[in-house]
file run.txt (compact mmCIF, C-alpha atoms and all ligand atoms)
# COMPACT_ATOMS: atom_id res chain seq x y z
CA MET G 1 80.34 118.20 79.81
CA TYR G 2 78.34 115.31 81.26
CA ILE G 3 77.24 114.18 77.80
CA ILE G 4 80.79 114.25 76.46
CA ARG G 5 82.07 112.31 79.41
CA LYS G 6 79.31 109.71 79.15
CA SER G 7 79.95 109.34 75.44
CA PHE G 8 83.60 108.74 76.17
CA GLU G 9 82.76 106.05 78.70
CA LEU G 10 80.44 104.35 76.21
CA LEU G 11 83.08 104.65 73.51
CA TYR G 12 85.56 102.92 75.83
CA ASP G 13 83.10 100.06 76.40
CA TYR G 14 82.48 99.69 72.70
CA LEU G 15 86.12 99.97 71.60
CA LYS G 16 87.23 97.69 74.41
CA SER G 17 85.66 94.62 72.84
CA VAL G 18 87.22 95.40 69.46
CA ILE G 19 90.64 96.22 70.93
CA PHE G 20 90.58 93.20 73.26
CA ALA G 21 89.83 90.98 70.27
CA VAL G 22 92.67 92.31 68.11
CA THR G 23 95.19 92.33 70.96
CA LYS G 24 94.27 88.89 72.28
CA ASN G 25 97.75 87.48 71.70
CA ASP G 26 99.60 90.50 73.07
CA PRO G 27 97.36 92.46 75.50
CA GLU G 28 100.14 94.95 76.14
CA LYS G 29 99.23 96.44 72.75
CA ALA G 30 95.83 97.45 74.11
CA HIS G 31 97.55 99.56 76.74
CA GLU G 32 99.73 101.13 74.07
CA VAL G 33 96.61 102.15 72.14
CA PHE G 34 95.16 103.69 75.30
CA VAL G 35 98.40 105.59 75.96
CA MET G 36 98.43 106.90 72.38
CA PHE G 37 94.84 108.04 72.75
CA CYS G 38 95.62 109.89 75.99
CA ARG G 39 98.61 111.60 74.41
CA ALA G 40 96.56 112.63 71.38
CA LEU G 41 93.87 114.12 73.65
CA TYR G 42 96.50 116.05 75.57
CA LYS G 43 98.12 117.39 72.40
CA ALA G 44 94.73 118.45 71.01
CA LYS G 45 93.87 119.98 74.41
CA LEU G 46 90.73 117.86 74.49
CA ASP G 47 91.53 116.03 77.72
CA LYS G 48 89.68 118.55 79.87
CA ALA G 49 86.50 118.37 77.80
CA PHE G 50 86.41 114.62 77.97
CA PHE G 51 87.35 113.89 81.51
CA ASP G 52 86.33 116.66 83.87
CA TYR G 53 83.62 115.55 86.29
CA PRO G 54 81.93 116.75 89.47
CA LYS G 55 83.87 116.30 92.66
CA ASN G 56 81.07 115.06 94.89
CA THR G 57 83.02 112.47 96.74
CA GLU G 58 82.62 111.10 100.18
CA PHE G 59 86.27 110.11 100.03
CA LYS G 60 87.37 113.72 99.75
CA ARG G 61 90.68 113.48 101.51
CA PHE G 62 91.36 109.99 100.27
CA GLU G 63 94.04 109.53 97.62
CA PHE G 64 93.07 107.97 94.30
CA SER G 65 95.89 107.18 91.98
CA ASN G 66 96.83 104.85 89.20
CA ALA G 67 99.05 101.98 90.33
CA ALA G 68 102.60 101.52 89.05
CA GLY G 69 102.91 99.91 85.65
CA PHE G 70 100.00 101.97 84.29
CA ASN G 71 102.28 104.86 83.36
CA LYS G 72 105.74 103.35 83.44
CA ASN G 73 107.58 105.98 81.44
CA ALA G 74 105.25 108.92 82.03
CA GLU G 75 103.89 108.69 78.50
CA ILE G 76 100.45 109.63 79.85
CA PRO G 77 100.71 113.32 80.82
CA PRO G 78 99.76 113.91 84.49
CA TYR G 79 97.07 116.36 83.35
CA VAL G 80 95.20 113.52 81.62
CA LEU G 81 95.33 111.42 84.79
CA TYR G 82 93.97 114.37 86.71
CA TYR G 83 91.05 114.73 84.31
CA LEU G 84 90.43 111.02 84.54
CA GLY G 85 89.72 111.66 88.21
CA PHE G 86 92.96 110.76 89.96
CA ASN G 87 94.25 113.16 92.60
CA ARG G 88 97.76 111.69 92.53
CA ALA G 89 99.71 110.08 89.70
CA VAL G 90 102.23 107.28 90.02
CA ILE G 91 105.02 107.02 87.44
CA GLY G 92 107.08 103.84 87.02
CA SER G 93 108.53 101.49 87.92
CA VAL G 94 111.43 103.64 86.78
CA THR G 95 114.85 102.00 86.75
CA GLY G 96 118.18 103.82 86.96
CA GLU G 97 119.18 102.72 83.47
CA PRO G 98 117.06 101.77 80.44
CA TYR G 99 116.01 98.13 80.47
CA GLY G 100 113.94 96.17 77.95
CA GLY G 101 112.25 93.64 80.25
CA ASN G 102 111.21 90.17 79.10
CA SER G 103 110.35 89.35 75.52
CA ARG G 104 106.77 89.72 74.34
CA PRO G 105 104.09 88.55 74.71
CA ARG G 106 104.48 88.94 78.47
CA CYS G 107 100.96 89.73 79.56
CA GLN G 108 97.78 87.61 79.66
CA ARG G 109 94.29 88.99 80.08
CA TYR G 110 91.48 86.99 81.73
CA GLU G 111 88.41 88.95 80.77
CA ALA G 112 85.90 86.58 82.36
CA THR G 113 87.51 86.98 85.78
CA GLN G 114 88.83 90.52 85.31
CA SER G 115 92.38 89.48 86.10
CA ILE G 116 95.76 89.83 84.42
CA VAL G 117 98.97 87.85 84.65
CA ASN G 118 102.08 89.75 83.67
CA ARG G 119 105.77 88.95 83.49
CA LEU G 120 106.94 92.22 81.99
CA GLY G 121 110.15 92.12 83.99
CA LEU G 122 110.48 95.84 84.72
CA PRO G 123 110.94 97.41 81.28
CA SER G 124 111.82 101.08 81.68
CA GLU G 125 113.22 103.84 79.52
CA GLY G 126 115.39 104.79 82.49
CA ALA G 127 115.24 107.69 84.94
CA GLN G 128 116.89 110.26 82.69
CA LYS G 129 114.45 109.89 79.83
CA VAL G 130 111.40 109.72 82.10
CA ALA G 131 112.47 112.92 83.89
CA GLN G 132 113.01 114.71 80.57
CA ARG G 133 109.55 113.67 79.40
CA LEU G 134 107.92 114.95 82.58
CA LEU G 135 109.72 118.26 82.25
CA ARG G 136 108.29 118.74 78.76
CA TYR G 137 104.68 118.61 80.01
CA GLU G 138 102.74 121.42 81.58
CA ALA G 139 103.50 121.20 85.32
CA SER G 140 101.32 118.53 86.90
CA PRO G 141 98.16 119.73 88.68
CA ILE G 142 98.45 116.77 91.08
CA PRO G 143 101.33 115.44 93.19
CA LEU G 144 103.53 112.80 91.59
CA THR G 145 104.91 109.61 93.07
CA ILE G 146 107.94 107.97 91.48
CA ASN G 147 107.77 104.21 91.85
CA PHE G 148 111.30 102.96 91.26
CA ALA G 149 113.27 99.75 91.20
CA ALA G 150 116.82 98.63 90.69
CA THR G 151 117.81 98.07 87.06
CA PRO G 152 117.52 94.27 86.80
CA THR G 153 121.00 93.90 85.25
CA LYS G 154 122.65 95.34 88.36
CA LYS G 155 124.50 93.13 90.83
CA TRP G 156 123.76 93.35 94.54
CA ASP G 157 126.64 95.70 95.28
CA GLN G 158 125.47 98.09 92.51
CA ILE G 159 121.83 98.34 93.53
CA THR G 160 122.11 101.15 96.06
CA GLU G 161 124.01 103.36 93.61
CA ASP G 162 121.46 102.65 90.89
CA LEU G 163 118.55 103.57 93.18
CA LEU G 164 120.31 106.71 94.36
CA SER G 165 120.84 107.84 90.78
CA THR G 166 117.08 107.59 90.15
CA ILE G 167 116.32 109.64 93.26
CA GLN G 168 118.91 112.21 92.26
CA ILE G 169 117.41 112.58 88.77
CA MET G 170 113.74 112.51 89.74
CA LYS G 171 113.66 114.51 92.95
CA ASN G 172 113.93 117.85 91.22
CA VAL G 173 111.03 117.23 88.86
CA LYS G 174 108.21 119.57 89.81
CA LYS G 175 105.44 118.00 91.90
CA VAL G 176 107.42 114.86 92.74
CA ASP G 177 106.92 114.61 96.49
CA ARG G 178 107.06 110.88 97.04
CA PHE G 179 109.11 107.82 96.16
CA GLU G 180 107.82 104.29 96.23
CA LEU G 181 110.43 101.54 96.16
CA ASN G 182 109.28 98.42 94.37
CA ILE G 183 110.75 95.55 96.37
CA SER G 184 108.11 93.09 95.27
CA CYS G 185 108.27 92.60 91.50
CA PRO G 186 107.71 88.86 91.05
CA ASN G 187 109.30 88.95 87.62
CA VAL G 188 112.91 89.89 88.35
CA SER G 189 115.29 88.16 90.71
CA SER G 190 116.66 91.44 92.08
CA SER G 191 113.30 92.24 93.73
CA ALA G 192 112.28 88.73 94.65
CA GLU G 193 115.45 88.30 96.62
CA TYR G 194 115.19 91.40 98.76
CA GLU G 195 116.19 89.86 102.06
CA ILE G 196 115.63 92.03 105.07
CA GLU G 197 119.33 92.41 105.91
CA ALA G 198 120.15 93.54 102.37
CA LEU G 199 117.13 95.80 102.30
CA ASP G 200 118.19 97.42 105.57
CA GLU G 201 121.56 98.23 104.07
CA ILE G 202 119.91 99.78 101.00
CA LEU G 203 117.43 101.76 103.08
CA SER G 204 120.13 103.19 105.32
CA SER G 205 121.74 104.84 102.26
CA VAL G 206 118.61 105.68 100.28
CA CYS G 207 116.58 107.24 103.09
CA ASP G 208 119.42 109.61 103.79
CA LYS G 209 119.15 111.24 100.36
CA LEU G 210 115.42 111.89 100.18
CA GLU G 211 115.46 115.38 101.67
CA ASP G 212 111.79 116.36 102.12
CA LYS G 213 110.36 113.56 99.93
CA LYS G 214 108.19 110.87 101.49
CA PHE G 215 109.21 107.27 101.05
CA PHE G 216 107.01 104.18 100.71
CA LEU G 217 107.75 100.50 100.18
CA LYS G 218 105.70 98.48 97.71
CA ILE G 219 104.98 95.12 99.28
CA SER G 220 104.16 91.70 97.84
CA PRO G 221 100.84 90.11 98.82
CA ASP G 222 102.75 86.85 99.29
CA VAL G 223 104.79 87.84 102.36
CA ASP G 224 104.46 85.99 105.66
CA LYS G 225 103.94 87.35 109.16
CA GLU G 226 107.59 87.18 110.12
CA TYR G 227 108.68 89.16 107.06
CA ALA G 228 105.92 91.71 107.68
CA ASN G 229 107.03 92.19 111.28
CA ARG G 230 110.62 92.70 110.30
CA ILE G 231 109.88 95.07 107.46
CA VAL G 232 107.63 97.25 109.63
CA LEU G 233 110.45 97.49 112.19
CA SER G 234 112.86 98.52 109.42
CA ALA G 235 110.35 101.10 108.22
CA GLN G 236 110.19 102.56 111.70
CA LYS G 237 113.97 102.59 111.98
CA TYR G 238 114.42 104.49 108.72
CA LYS G 239 111.40 106.78 109.16
CA ILE G 240 109.62 105.35 106.15
CA ALA G 241 106.20 106.93 105.59
CA GLY G 242 104.38 103.73 104.74
CA PHE G 243 103.59 100.85 102.46
CA VAL G 244 101.77 100.27 99.20
CA ILE G 245 99.95 96.97 99.63
CA ALA G 246 100.14 95.17 97.33
CA ASN G 247 101.92 94.18 94.15
CA THR G 248 100.88 91.20 92.01
CA THR G 249 100.70 87.69 93.45
CA LYS G 250 102.52 84.53 92.49
CA ARG G 251 99.73 82.47 94.04
CA TYR G 252 97.23 81.70 91.32
CA VAL G 253 93.69 80.80 92.23
CA LYS G 254 92.13 78.51 89.59
CA LYS G 255 88.84 80.35 89.92
CA TYR G 256 90.47 83.51 88.53
CA ILE G 257 93.46 82.19 86.57
CA PRO G 258 92.23 78.87 85.17
CA GLN G 259 95.33 78.32 83.08
CA SER G 260 98.47 80.37 82.80
CA LEU G 261 101.00 80.17 80.00
CA TRP G 262 103.86 81.17 82.27
CA ALA G 263 104.83 82.21 85.77
CA GLY G 264 104.29 85.89 86.47
CA GLY G 265 102.25 88.07 88.79
CA ALA G 266 98.45 88.02 88.95
CA SER G 267 96.40 91.18 89.47
CA GLY G 268 92.79 92.34 89.52
CA LYS G 269 90.21 90.07 91.13
CA ALA G 270 92.91 87.36 91.40
CA VAL G 271 94.85 89.41 93.95
CA TYR G 272 92.05 91.15 95.85
CA GLN G 273 91.83 88.77 98.81
CA TYR G 274 95.59 88.34 99.18
CA SER G 275 96.22 92.09 99.07
CA THR G 276 93.42 92.73 101.58
CA ASP G 277 94.80 90.09 103.97
CA THR G 278 98.31 91.52 103.65
CA GLN G 279 97.00 95.02 104.31
CA ARG G 280 95.30 93.76 107.50
CA LEU G 281 98.50 92.01 108.58
CA PHE G 282 100.51 95.23 108.25
CA GLU G 283 97.78 97.34 109.86
CA ASN G 284 97.74 95.09 112.91
CA ILE G 285 101.49 95.38 113.34
CA ILE G 286 101.46 99.16 112.87
CA GLU G 287 98.55 99.66 115.26
CA LYS G 288 99.91 97.28 117.89
CA ASN G 289 103.19 99.21 117.98
CA ASN G 290 101.53 102.58 117.66
CA PHE G 291 103.75 103.37 114.66
CA PRO G 292 102.98 106.29 112.31
CA GLN G 293 103.22 104.43 108.98
CA LYS G 294 100.36 104.74 106.50
CA ILE G 295 99.08 102.23 103.97
CA ILE G 296 98.06 102.76 100.37
CA ALA G 297 95.71 99.97 99.38
CA CYS G 298 96.16 98.36 95.97
CA GLY G 299 95.01 95.16 94.30
CA GLY G 300 91.68 94.41 92.64
CA ILE G 301 89.84 97.43 94.05
CA ASP G 302 86.96 97.75 91.61
CA SER G 303 83.94 99.07 93.53
CA VAL G 304 82.92 101.41 96.32
CA LYS G 305 82.29 98.33 98.43
CA LYS G 306 85.91 97.28 98.05
CA VAL G 307 87.21 100.80 98.68
CA LYS G 308 85.25 100.78 101.92
CA GLU G 309 86.66 97.38 102.84
CA ARG G 310 90.14 98.81 102.44
CA LEU G 311 89.47 101.98 104.43
CA SER G 312 91.03 101.94 107.87
CA SER G 313 92.58 104.27 110.39
CA VAL G 314 95.97 103.91 108.70
CA ALA G 315 94.84 103.83 105.06
CA LEU G 316 95.86 106.88 103.08
CA GLY G 317 94.33 106.03 99.74
CA ILE G 318 93.99 103.52 96.95
CA GLN G 319 95.71 102.70 93.70
CA ILE G 320 94.14 101.08 90.66
CA TYR G 321 95.42 99.39 87.54
CA THR G 322 93.73 96.15 86.43
CA PRO G 323 90.13 97.23 87.23
CA PHE G 324 90.70 100.26 85.00
CA VAL G 325 91.57 97.94 82.12
CA PHE G 326 88.24 96.12 82.40
CA TYR G 327 85.91 98.97 83.41
CA GLY G 328 87.60 101.93 81.73
CA PRO G 329 87.40 105.53 82.94
CA LYS G 330 84.04 104.98 84.61
CA ILE G 331 85.74 103.05 87.40
CA ILE G 332 86.96 106.32 88.92
CA ARG G 333 83.61 108.05 88.61
CA SER G 334 81.92 104.95 89.95
CA ILE G 335 84.00 105.10 93.07
CA LYS G 336 83.46 108.79 93.54
CA THR G 337 79.74 108.64 92.87
CA GLU G 338 78.08 105.53 94.23
CA ASP G 339 75.40 105.66 91.58
CA ALA G 340 77.66 104.48 88.78
CA ASP G 341 79.00 101.82 91.12
CA ARG G 342 75.60 100.24 91.58
CA ARG G 343 75.26 100.14 87.82
CA MET G 344 78.60 98.41 87.44
CA GLU G 345 77.87 95.79 90.08
CA THR G 346 74.60 94.80 88.52
CA GLY G 347 75.61 95.16 84.90
C1 LIG L 401 100.85 94.97 83.29
C2 LIG L 401 101.25 95.34 84.71
C3 LIG L 401 102.46 95.96 84.93
C4 LIG L 401 102.84 96.32 86.23
N1 LIG L 401 104.03 96.95 86.44
C5 LIG L 401 104.38 97.33 87.70
C6 LIG L 401 105.57 98.03 87.93
O1 LIG L 401 106.33 98.37 87.02
N2 LIG L 401 105.90 98.35 89.22
C7 LIG L 401 105.08 98.03 90.28
O2 LIG L 401 105.41 98.37 91.42
N3 LIG L 401 103.92 97.38 90.07
C8 LIG L 401 103.56 97.02 88.82
N4 LIG L 401 102.37 96.36 88.62
C9 LIG L 401 101.53 96.00 89.78
C10 LIG L 401 100.44 97.05 90.00
O3 LIG L 401 101.00 98.29 90.32
C11 LIG L 401 99.51 96.62 91.18
O4 LIG L 401 100.27 96.55 92.34
C12 LIG L 401 98.85 95.27 90.94
O5 LIG L 401 98.53 95.09 89.60
C13 LIG L 401 97.59 95.10 91.78
O6 LIG L 401 96.66 96.16 91.54
P1 LIG L 401 95.45 96.06 90.46
O7 LIG L 401 94.69 94.80 90.76
O8 LIG L 401 94.67 97.32 90.66
O9 LIG L 401 96.10 95.97 89.12
C14 LIG L 401 101.99 96.01 87.32
C15 LIG L 401 100.74 95.40 87.08
C16 LIG L 401 100.37 95.07 85.79
C17 LIG L 401 99.03 94.41 85.56
call {"tool": "encode", "arguments": {"input": "run.txt", "output": "C-alpha cells"}}
result
Amino acid sequence: MYIIRKSFELLYDYLKSVIFAVTKNDPEKAHEVFVMFCRALYKAKLDKAFFDYPKNTEFKRFEFSNAAGFNKNAEIPPYVLYYLGFNRAVIGSVTGEPYGGNSRPRCQRYEATQSIVNRLGLPSEGAQKVAQRLLRYEASPIPLTINFAATPTKKWDQITEDLLSTIQIMKNVKKVDRFELNISCPNVSSSAEYEIEALDEILSSVCDKLEDKKFFLKISPDVDKEYANRIVLSAQKYKIAGFVIANTTKRYVKKYIPQSLWAGGASGKAVYQYSTDTQRLFENIIEKNNFPQKIIACGGIDSVKKVKERLSSVALGIQIYTPFVFYGPKIIRSIKTEDADRRMETG
C-alpha cells in the first residue's frame, strides 16, 4: 500500500510540471484533469489502493477537509476525498440555480509563490444537479458540508428564497450535516455587498429551516474589526455554530502576486497572513464574550507548522485548497505525519 501511495505522490509531482505547462493560459483545466482522474479511480475502484494511509495523527479529533471551490459540483466522489486523507468533505459553492460564472480564463497560477488569483464568479451546476450527483455515489464515509451562495443573478429580495431552496434540496442528502454560507466571494456583487442589516434578515429566515444541521459563515480575510464584532453578535443571535476563516483576499501583496491580469481573490501563501489575522480577530471577540462559536481555519495552510499556528481553543479544524494544487496529495499526509512535512519544507 505504502509503495503504491508513494508512487502516486511521485506521479503527481512529475505530471504536475507537464500539466502546469500545458494549462498555463487556463489553469482551471489542470483542476479538470485532476477531477477526471479522481472520477476514473473511483469508477475503477482503485481509489482505495492509491490513497489509503496510516492514521497516526496527533490531530486526531481535528477536522481536515478540502475548502470550497475544490469540489464545486461534487464531481469528486466523497470516497476519493476520504482516501486522500480528509475526514470531512466540502461541496460547493452550490447556488440555488445553475450559473456559468465569469468567462474563461478566470484563474491565474503563481507557481513561484504558491498562490492563485481567481475570479470564477461562482459557477455552479445548481443545487438540484449537485444533489442528484451525490445521491448516485456510494454513501459518503465522511460527513459532508454544503457550502452555498445566492445565485448571482438574483436580486436582493430573491436571495433568501434562493438560499432556502438550496437548503431544502441538500438537507436530505445522506451525510450532509452542515451548511456553510459563502458571504465573502470577492467575485460577485451579491456576496461583496452583504451588509450586516441585510445579512441579519437573511439569517433570521435561513436559520429557522436548518433543523438539526449546523450552520457556519464563510468570512472574508478583508473584514475590519467593526464588521467582525457585528457579525459575531449576529452569529450569537441566530445560534450559528461558527465561522470558516477565510475566503480569498482582494489585497494583493507584490511579494506573492507580482502582477495580476485582473481583480479577483488571492489564495495560498498570498492569503495566509490575512486569514490568520482575521482568525485571531474573531477568536478574541468570541473568547471575550464567552460565546460558543467555533472556527474552521482556511487560507494558505501548507505545513504542520501552519496548522499548529492556527490551532486554538476555538478552532475546530482546517480546510485546504491552494496548497493541495502545489503539493498534491502528499500535503495531507505531510500534515498527519510530520516526517513528510519536514521533507516538504526543506525540498
Ligand atoms: C479556484 C478557486 C475557487 C474557489 N471557489 C470558492 C467557492 O466557490 N466558494 C468559497 O466559499 N470559496 C471558494 N474559494 C476559496 C477557498 O475555499 C479558500 O477559502 C481560499 O482559497 C483560501 O484557502 P487556500 O489558500 O487553502 O486555497 C475558491 C478558491 C479558489 C482558489
call {"tool": "residues_near_point", "arguments": {"input": "run.txt", "point": "(98.3, 109.4, 89.0)", "cutoff": "10 Å", "atoms": "only C-alpha atoms", "output": "number ranges by chain"}}
result
G: 63-68, 70-71, 74, 76-82, 84-91, 140, 142-145, 319-320
call {"tool": "write_last_selection", "arguments": {"input": "run.txt", "atoms": "C-alpha atoms", "output": "PDB file, in the frame of the given file"}}
result
ATOM      1  CA  GLU G  63      94.040 109.530  97.620  1.00  0.00           C
ATOM      2  CA  PHE G  64      93.070 107.970  94.300  1.00  0.00           C
ATOM      3  CA  SER G  65      95.890 107.180  91.980  1.00  0.00           C
ATOM      4  CA  ASN G  66      96.830 104.850  89.200  1.00  0.00           C
ATOM      5  CA  ALA G  67      99.050 101.980  90.330  1.00  0.00           C
ATOM      6  CA  ALA G  68     102.600 101.520  89.050  1.00  0.00           C
ATOM      7  CA  PHE G  70     100.000 101.970  84.290  1.00  0.00           C
ATOM      8  CA  ASN G  71     102.280 104.860  83.360  1.00  0.00           C
ATOM      9  CA  ALA G  74     105.250 108.920  82.030  1.00  0.00           C
ATOM     10  CA  ILE G  76     100.450 109.630  79.850  1.00  0.00           C
ATOM     11  CA  PRO G  77     100.710 113.320  80.820  1.00  0.00           C
ATOM     12  CA  PRO G  78      99.760 113.910  84.490  1.00  0.00           C
ATOM     13  CA  TYR G  79      97.070 116.360  83.350  1.00  0.00           C
ATOM     14  CA  VAL G  80      95.200 113.520  81.620  1.00  0.00           C
ATOM     15  CA  LEU G  81      95.330 111.420  84.790  1.00  0.00           C
ATOM     16  CA  TYR G  82      93.970 114.370  86.710  1.00  0.00           C
ATOM     17  CA  LEU G  84      90.430 111.020  84.540  1.00  0.00           C
ATOM     18  CA  GLY G  85      89.720 111.660  88.210  1.00  0.00           C
ATOM     19  CA  PHE G  86      92.960 110.760  89.960  1.00  0.00           C
ATOM     20  CA  ASN G  87      94.250 113.160  92.600  1.00  0.00           C
ATOM     21  CA  ARG G  88      97.760 111.690  92.530  1.00  0.00           C
ATOM     22  CA  ALA G  89      99.710 110.080  89.700  1.00  0.00           C
ATOM     23  CA  VAL G  90     102.230 107.280  90.020  1.00  0.00           C
ATOM     24  CA  ILE G  91     105.020 107.020  87.440  1.00  0.00           C
ATOM     25  CA  SER G 140     101.320 118.530  86.900  1.00  0.00           C
ATOM     26  CA  ILE G 142      98.450 116.770  91.080  1.00  0.00           C
ATOM     27  CA  PRO G 143     101.330 115.440  93.190  1.00  0.00           C
ATOM     28  CA  LEU G 144     103.530 112.800  91.590  1.00  0.00           C
ATOM     29  CA  THR G 145     104.910 109.610  93.070  1.00  0.00           C
ATOM     30  CA  GLN G 319      95.710 102.700  93.700  1.00  0.00           C
ATOM     31  CA  ILE G 320      94.140 101.080  90.660  1.00  0.00           C
TER      32      ILE G 320
END
call {"tool": "atom_distance", "arguments": {"input": "run.txt", "atom1": "atom CA of Asp26 of chain G", "atom2": "atom CA of Gln132 of chain G"}}
result
28.7 Å
call {"tool": "residues_near_ligand", "arguments": {"input": "run.txt", "ligand": "ligand LIG 401 (chain L)", "cutoff": "7 Å", "atoms": "only C-alpha atoms and all ligand atoms", "output": "number ranges by chain"}}
result
G: 67-70, 72, 92-93, 107, 116-118, 120, 122, 147, 182, 185, 218, 246-248, 267-269, 271-272, 298-301, 319-323
call {"tool": "residues_near_point", "arguments": {"input": "run.txt", "point": "(98.9, 96.1, 114.1)", "cutoff": "12 Å", "atoms": "only C-alpha atoms", "output": "PDB file with C-alpha atoms, keeping the file's coordinate frame"}}
result
ATOM      1  CA  LYS G 225     103.940  87.350 109.160  1.00  0.00           C
ATOM      2  CA  ALA G 228     105.920  91.710 107.680  1.00  0.00           C
ATOM      3  CA  ASN G 229     107.030  92.190 111.280  1.00  0.00           C
ATOM      4  CA  VAL G 232     107.630  97.250 109.630  1.00  0.00           C
ATOM      5  CA  LEU G 233     110.450  97.490 112.190  1.00  0.00           C
ATOM      6  CA  THR G 278      98.310  91.520 103.650  1.00  0.00           C
ATOM      7  CA  GLN G 279      97.000  95.020 104.310  1.00  0.00           C
ATOM      8  CA  ARG G 280      95.300  93.760 107.500  1.00  0.00           C
ATOM      9  CA  LEU G 281      98.500  92.010 108.580  1.00  0.00           C
ATOM     10  CA  PHE G 282     100.510  95.230 108.250  1.00  0.00           C
ATOM     11  CA  GLU G 283      97.780  97.340 109.860  1.00  0.00           C
ATOM     12  CA  ASN G 284      97.740  95.090 112.910  1.00  0.00           C
ATOM     13  CA  ILE G 285     101.490  95.380 113.340  1.00  0.00           C
ATOM     14  CA  ILE G 286     101.460  99.160 112.870  1.00  0.00           C
ATOM     15  CA  GLU G 287      98.550  99.660 115.260  1.00  0.00           C
ATOM     16  CA  LYS G 288      99.910  97.280 117.890  1.00  0.00           C
ATOM     17  CA  ASN G 289     103.190  99.210 117.980  1.00  0.00           C
ATOM     18  CA  ASN G 290     101.530 102.580 117.660  1.00  0.00           C
ATOM     19  CA  PHE G 291     103.750 103.370 114.660  1.00  0.00           C
ATOM     20  CA  PRO G 292     102.980 106.290 112.310  1.00  0.00           C
ATOM     21  CA  GLN G 293     103.220 104.430 108.980  1.00  0.00           C
ATOM     22  CA  LYS G 294     100.360 104.740 106.500  1.00  0.00           C
ATOM     23  CA  ILE G 295      99.080 102.230 103.970  1.00  0.00           C
ATOM     24  CA  SER G 312      91.030 101.940 107.870  1.00  0.00           C
ATOM     25  CA  SER G 313      92.580 104.270 110.390  1.00  0.00           C
ATOM     26  CA  VAL G 314      95.970 103.910 108.700  1.00  0.00           C
TER      27      VAL G 314
END
call {"tool": "residues_around", "arguments": {"input": "run.txt", "residues": "Asp47 of chain G", "least_positions_apart": "3", "cutoff": "10 Å", "atoms": "only C-alpha atoms", "output": "PDB file with C-alpha atoms, keeping the file's coordinate frame"}}
result
ATOM      1  CA  PHE G  37      94.840 108.040  72.750  1.00  0.00           C
ATOM      2  CA  CYS G  38      95.620 109.890  75.990  1.00  0.00           C
ATOM      3  CA  ARG G  39      98.610 111.600  74.410  1.00  0.00           C
ATOM      4  CA  ALA G  40      96.560 112.630  71.380  1.00  0.00           C
ATOM      5  CA  LEU G  41      93.870 114.120  73.650  1.00  0.00           C
ATOM      6  CA  TYR G  42      96.500 116.050  75.570  1.00  0.00           C
ATOM      7  CA  LYS G  43      98.120 117.390  72.400  1.00  0.00           C
ATOM      8  CA  ALA G  44      94.730 118.450  71.010  1.00  0.00           C
ATOM      9  CA  PHE G  50      86.410 114.620  77.970  1.00  0.00           C
ATOM     10  CA  PHE G  51      87.350 113.890  81.510  1.00  0.00           C
ATOM     11  CA  ASP G  52      86.330 116.660  83.870  1.00  0.00           C
ATOM     12  CA  TYR G  79      97.070 116.360  83.350  1.00  0.00           C
ATOM     13  CA  VAL G  80      95.200 113.520  81.620  1.00  0.00           C
ATOM     14  CA  LEU G  81      95.330 111.420  84.790  1.00  0.00           C
ATOM     15  CA  TYR G  82      93.970 114.370  86.710  1.00  0.00           C
ATOM     16  CA  TYR G  83      91.050 114.730  84.310  1.00  0.00           C
ATOM     17  CA  LEU G  84      90.430 111.020  84.540  1.00  0.00           C
TER      18      LEU G  84
END
call {"tool": "axis_aligned_box", "arguments": {"input": "run.txt", "around": "segment 9-22 of chain G", "padding_each_side": "6 Å", "output": "JSON"}}
result
{"center_x": 86.6, "center_y": 98.5, "center_z": 73.4, "size_x": 24.2, "size_y": 27.1, "size_z": 22.6}
call {"tool": "atom_distance", "arguments": {"input": "run.txt", "atom1": "atom CA of Gln259 of chain G", "atom2": "atom CA of Asp277 of chain G"}}
result
24.0 Å
call {"tool": "closest_residue", "arguments": {"input": "run.txt", "among": "G:Ser184, G:Gln273, G:Pro258, G:Lys330", "to": "Lys306 of chain G", "atoms": "only C-alpha atoms"}}
result
G:Gln273
call {"tool": "closest_atom_pairs", "arguments": {"input": "run.txt", "of": "segment 231-333 of chain G", "to": "segment 198-204 of chain G", "cutoff": "9 Å", "atoms": "only C-alpha atoms", "output": "CSV"}}
result
residue,atom,partner,partner_atom,distance
G:Ile231,CA,G:Asp200,CA,8.8
G:Ser234,CA,G:Asp200,CA,6.7
G:Ala235,CA,G:Leu203,CA,8.8
G:Tyr238,CA,G:Ser204,CA,6.8
call {"tool": "atom_distance", "arguments": {"input": "run.txt", "atom1": "atom CA of Leu316 of chain G", "atom2": "atom CA of Lys237 of chain G"}}
result
20.6 Å
call {"tool": "closest_residue", "arguments": {"input": "run.txt", "among": "G:Trp262, G:Trp156, G:Phe148, G:Tyr14", "to": "Arg119 of chain G", "atoms": "all atoms listed in the file"}}
result
G:Trp262
call {"tool": "closest_residue", "arguments": {"input": "run.txt", "among": "G:Pro152, G:Gln158, G:Gly242, G:Gly126", "to": "Phe179 of chain G", "atoms": "only C-alpha atoms"}}
result
G:Gly242
call {"tool": "closest_residue", "arguments": {"input": "run.txt", "among": "G:Gln114, G:Gln128, G:Thr160, G:Thr276", "to": "Ser220 of chain G", "atoms": "only C-alpha atoms"}}
result
G:Thr276
